[in-house]
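> Dropping the structure in here first, questions after.
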Amino acid sequence: MPQNIVLNVSQLNRYIKSLFEQNIQLKDLFIKGEISNFKGQYASGHLYFTLKDKDSAIKAVMFRNYASKIHFVPENGMTVLVRGEVNVYERDGVYQIYCYEMQPDGVGDLSLAFEQLKKKLSKEGLFDQAHKKQLPRFPQVIGIITAKTGAALQDLLNILGRRYPLATVLIRSVLVQGEKSAADLCAAVRQMDKLGLCDLLIIGRGGGSLEDLWSFNDEALAREIFSCHTPIISAVGHEIDFTICDFVADLRAPTPSAAAELAVPDQKDLQFQLFSYEQQMVQKLENKIRLLEAQFGQKRRMVDSLTRYFVSLQTKLEGYQNHRALRFPYFKVEQAQTWTKERSDRLNALIQVRLKREEDRLKNAAGMLHSFSPFQVMARGFSVITLQGRVVNRIEHLNQGDQVSLHMLNGVVSAQVLSKEAQTNGEEHREKGANT
């Protein structure tokens, strides 16, 4: 560039951009770094983030047409390996790497994408056992969703035909790998479930690499299987292969052949069970017959016993027919009247004796009560002295000047106590009078 030429900012940025574009070493290079400042996926589909190591950082962008091809979701803190070119964003005057490809460092992008989707759907509850539907024991119509040219279909048909030929098989041919296979699988599940003809669906394919089986790790397919009303068995790949389809289905079979064995019972086992049931029924019928025979014998003995009982009743009835009470109906009434009169006369006599005895006892008690009456004593000239309502029977209980009451036969007289000597003389006088 010539000296002493004045450039504006746009011209300078454009010149620097041309220098980057002319540098072949910056056109196609691999850079490893840790993602930071990840802005997420905008509505435009572009990804914006920063790649850094312990000393430096560089801005990065991945446009939609490239971002749509990666299978995992970039996250902050994730170490990735990107391929792209370094160039200048002319408007801001910053250089950045424009990414064409991205994969996790140390693990494949498909493996990381698998684990990310598995964790996401598990957190949403799509793998919960509570949502698993029970498989029918004897399905009449079985739908198979797989490639019509694959070996898995032949294995399924052979085993189903051998184990349970009563079932009708409906086949929905689909693409099992490639860009359009996931959408085809979703449409097949939705169509077979909507028809409502099948009691059970089997979805799967034969073995292959992780890339070959990737259609069965599609999130849309997982949600389609989860919302399906028909029970589904997932039979993808070999025993060591696991897909998202296996986790969300109602039952996972390690192989397509195993799926056929899990879907239907073996007719040989059913025949053996039927034979066993037949033997059990025969045995139970024989036991029932023996029991009925025993019960019949017991009932026969009961009939004989009842017959003898009725004969005895007949004999008693004939005896009652000749009884005097039946021939002379009033005989029993006359007997009862005679018995009642005898008992009544006897009871009246006993009542009179008891009344006379109780009357004598009452007279004796009244005489004794009359003899002990205090009024009888008073009638003979005695009186009762009380002091303040209490009976006085000792001279020591009186003091000079006490006001006392003399209770006589026909009234009460108040009196005053004289001296002790006077009381004593009076007492001696009364004692002398009593002795006289």
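Labels for the structure tokens follow display order: chains A, B, ..., residues from 1 in each chain, ligands from 1.
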Assign secondary structure with DSSP using the backbone only, and return the residues of region 1-122 of chain A in alpha helix (DSSP H) as a PyMOL selection string.
chain A and resi 9-22+64-67+109-122
> Skipping near chain neighbours, those fewer than 4 positions away, what residues fall within 12 Å of Lys17 (chain A) using only C-alpha atoms, listed as a PyMOL selection string?
chain A and resi 10-13+21-23+26+86-96
> Sorted by chain and rising residue number, list the residues of region 161-203 of chain A at most 12 Å from region 261-276 of chain A (counting only C-alpha atoms), each with its closest atom pair and distance in Å to one decimal, as CSV.

```
residue,atom,partner,partner_atom,distance
A:Gly161,CA,A:Gln267,CA,10.0
A:Arg162,CA,A:Asp266,CA,8.0
A:Arg163,CA,A:Asp266,CA,4.4
A:Tyr164,CA,A:Gln267,CA,5.5
A:Pro165,CA,A:Gln267,CA,8.1
A:Leu166,CA,A:Gln267,CA,9.1
A:Ala167,CA,A:Val264,CA,8.4
A:Thr168,CA,A:Val264,CA,11.4
A:Val169,CA,A:Ala263,CA,11.7
A:Asp199,CA,A:Ala263,CA,10.2
A:Leu200,CA,A:Ala263,CA,7.8
A:Leu201,CA,A:Ala263,CA,8.9
A:Ile202,CA,A:Ala263,CA,8.3
A:Ile203,CA,A:Ala263,CA,11.8
```
> Using only C-alpha atoms, which of A:Gln134, A:Gln337, A:Gln116, A:Thr146 sits nearest Ile232 (chain A)?
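Between A:Gln134, A:Gln337, A:Gln116, A:Thr146, the residue approaching Ile232 (chain A) most closely is A:Gln134.
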> Name the residues in contact with region 248-256 of chain A at a cut-off of 8 Å, using only C-alpha atoms, excluding same-chain residues fewer than 2 positions from it; report them as a count of residues only.
35
> To one decimal in Å, tell me the separation between CA of Ile35 (chain A) and CA of Asn76 (chain A).
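Computing the Euclidean distance for CA of Ile35 (chain A) and CA of Asn76 (chain A) yields 5.0 Å.
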> Where does DSSP see strand (DSSP E or B) in region 104-351 of chain A, if you list the residues as number ranges by chain?
A: 104, 141-146, 168-173, 200-205, 232-236, 251-252
> Please provide as a PyMOL selection string all residues within 10 Å of Leu185 (chain A), with the sequence filter that same-chain residues fewer than 6 positions apart are discarded (counting only C-alpha atoms).
chain A and resi 145-146+172-177+191+203-204+215-216+218+220-221+224-225
> Val392 (chain A): which residues within 10 Å, counting only C-alpha atoms, same-chain residues fewer than 6 positions away excluded, as an NGL selection string?
:A and (384-386 or 398 or 404-405)
> I'd like the interatomic distance between CA of Lys69 (chain A) and CA of Ala183 (chain A), to a tenth of an Å.
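According to the coordinates, CA of Lys69 (chain A) and CA of Ala183 (chain A) are separated by 16.1 Å.
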> Using CA of His46 (chain A) and CA of Ala60 (chain A) as the two end points, give the distance in Å to one decimal.
10.8 Å
> Considering only C-alpha atoms, return as a ChimeraX atom specification whatever protein or nucleic-acid residues lie within 10 Å of Leu110 (chain A), sequence-local ones (same chain, fewer than 2 positions apart) excluded.
/A:70-72,103-104,107-108,112-116,210-211,214,217
> Any chance you could export the current selection's N, CA and C atoms as an mmCIF file, in the first residue's frame?

```cif
data_model
loop_
_atom_site.group_PDB
_atom_site.id
_atom_site.type_symbol
_atom_site.label_atom_id
_atom_site.label_comp_id
_atom_site.auth_asym_id
_atom_site.auth_seq_id
_atom_site.Cartn_x
_atom_site.Cartn_y
_atom_site.Cartn_z
ATOM 1 N N ILE A 70 -24.793 -30.902 12.412
ATOM 2 C CA ILE A 70 -24.199 -31.510 13.604
ATOM 3 C C ILE A 70 -25.326 -32.176 14.414
ATOM 4 N N HIS A 71 -25.001 -33.287 15.088
ATOM 5 C CA HIS A 71 -26.004 -34.109 15.763
ATOM 6 C C HIS A 71 -26.126 -33.805 17.250
ATOM 7 N N PHE A 72 -25.221 -33.031 17.804
ATOM 8 C CA PHE A 72 -25.272 -32.740 19.229
ATOM 9 C C PHE A 72 -25.498 -31.247 19.428
ATOM 10 N N GLN A 103 -17.064 -31.277 15.990
ATOM 11 C CA GLN A 103 -17.259 -32.549 16.683
ATOM 12 C C GLN A 103 -16.624 -32.468 18.064
ATOM 13 N N PRO A 104 -17.183 -33.201 19.029
ATOM 14 C CA PRO A 104 -16.608 -33.156 20.374
ATOM 15 C C PRO A 104 -15.207 -33.743 20.382
ATOM 16 N N VAL A 107 -14.655 -37.778 21.792
ATOM 17 C CA VAL A 107 -15.829 -38.636 21.655
ATOM 18 C C VAL A 107 -16.545 -38.213 20.379
ATOM 19 N N GLY A 108 -17.171 -39.201 19.736
ATOM 20 C CA GLY A 108 -17.849 -38.905 18.489
ATOM 21 C C GLY A 108 -19.059 -38.022 18.708
ATOM 22 N N LEU A 112 -22.155 -38.322 21.563
ATOM 23 C CA LEU A 112 -22.530 -37.216 22.440
ATOM 24 C C LEU A 112 -23.991 -36.827 22.222
ATOM 25 N N ALA A 113 -24.398 -36.785 20.958
ATOM 26 C CA ALA A 113 -25.786 -36.439 20.667
ATOM 27 C C ALA A 113 -26.742 -37.469 21.270
ATOM 28 N N PHE A 114 -26.360 -38.742 21.215
ATOM 29 C CA PHE A 114 -27.176 -39.813 21.802
ATOM 30 C C PHE A 114 -27.353 -39.589 23.310
ATOM 31 N N GLU A 115 -26.254 -39.323 23.982
ATOM 32 C CA GLU A 115 -26.315 -39.143 25.437
ATOM 33 C C GLU A 115 -27.098 -37.886 25.804
ATOM 34 N N GLN A 116 -26.951 -36.832 25.012
ATOM 35 C CA GLN A 116 -27.691 -35.601 25.289
ATOM 36 C C GLN A 116 -29.198 -35.813 25.141
ATOM 37 N N LEU A 210 -23.313 -47.214 14.273
ATOM 38 C CA LEU A 210 -24.079 -46.175 14.938
ATOM 39 C C LEU A 210 -24.720 -45.252 13.924
ATOM 40 N N GLU A 211 -24.007 -44.985 12.854
ATOM 41 C CA GLU A 211 -24.560 -44.123 11.805
ATOM 42 C C GLU A 211 -25.743 -44.805 11.124
ATOM 43 N N TRP A 214 -28.846 -44.583 13.258
ATOM 44 C CA TRP A 214 -29.107 -43.264 13.822
ATOM 45 C C TRP A 214 -30.555 -42.818 13.657
ATOM 46 N N ASN A 217 -32.634 -43.018 16.649
ATOM 47 C CA ASN A 217 -32.309 -42.107 17.741
ATOM 48 C C ASN A 217 -32.927 -40.731 17.525
#
```
> Go through A:Gly381, A:Gly401, A:Gly45, A:Gly297 and flag the residue nearest Leu418 (chain A), using only C-alpha atoms for the distances.
A:Gly401
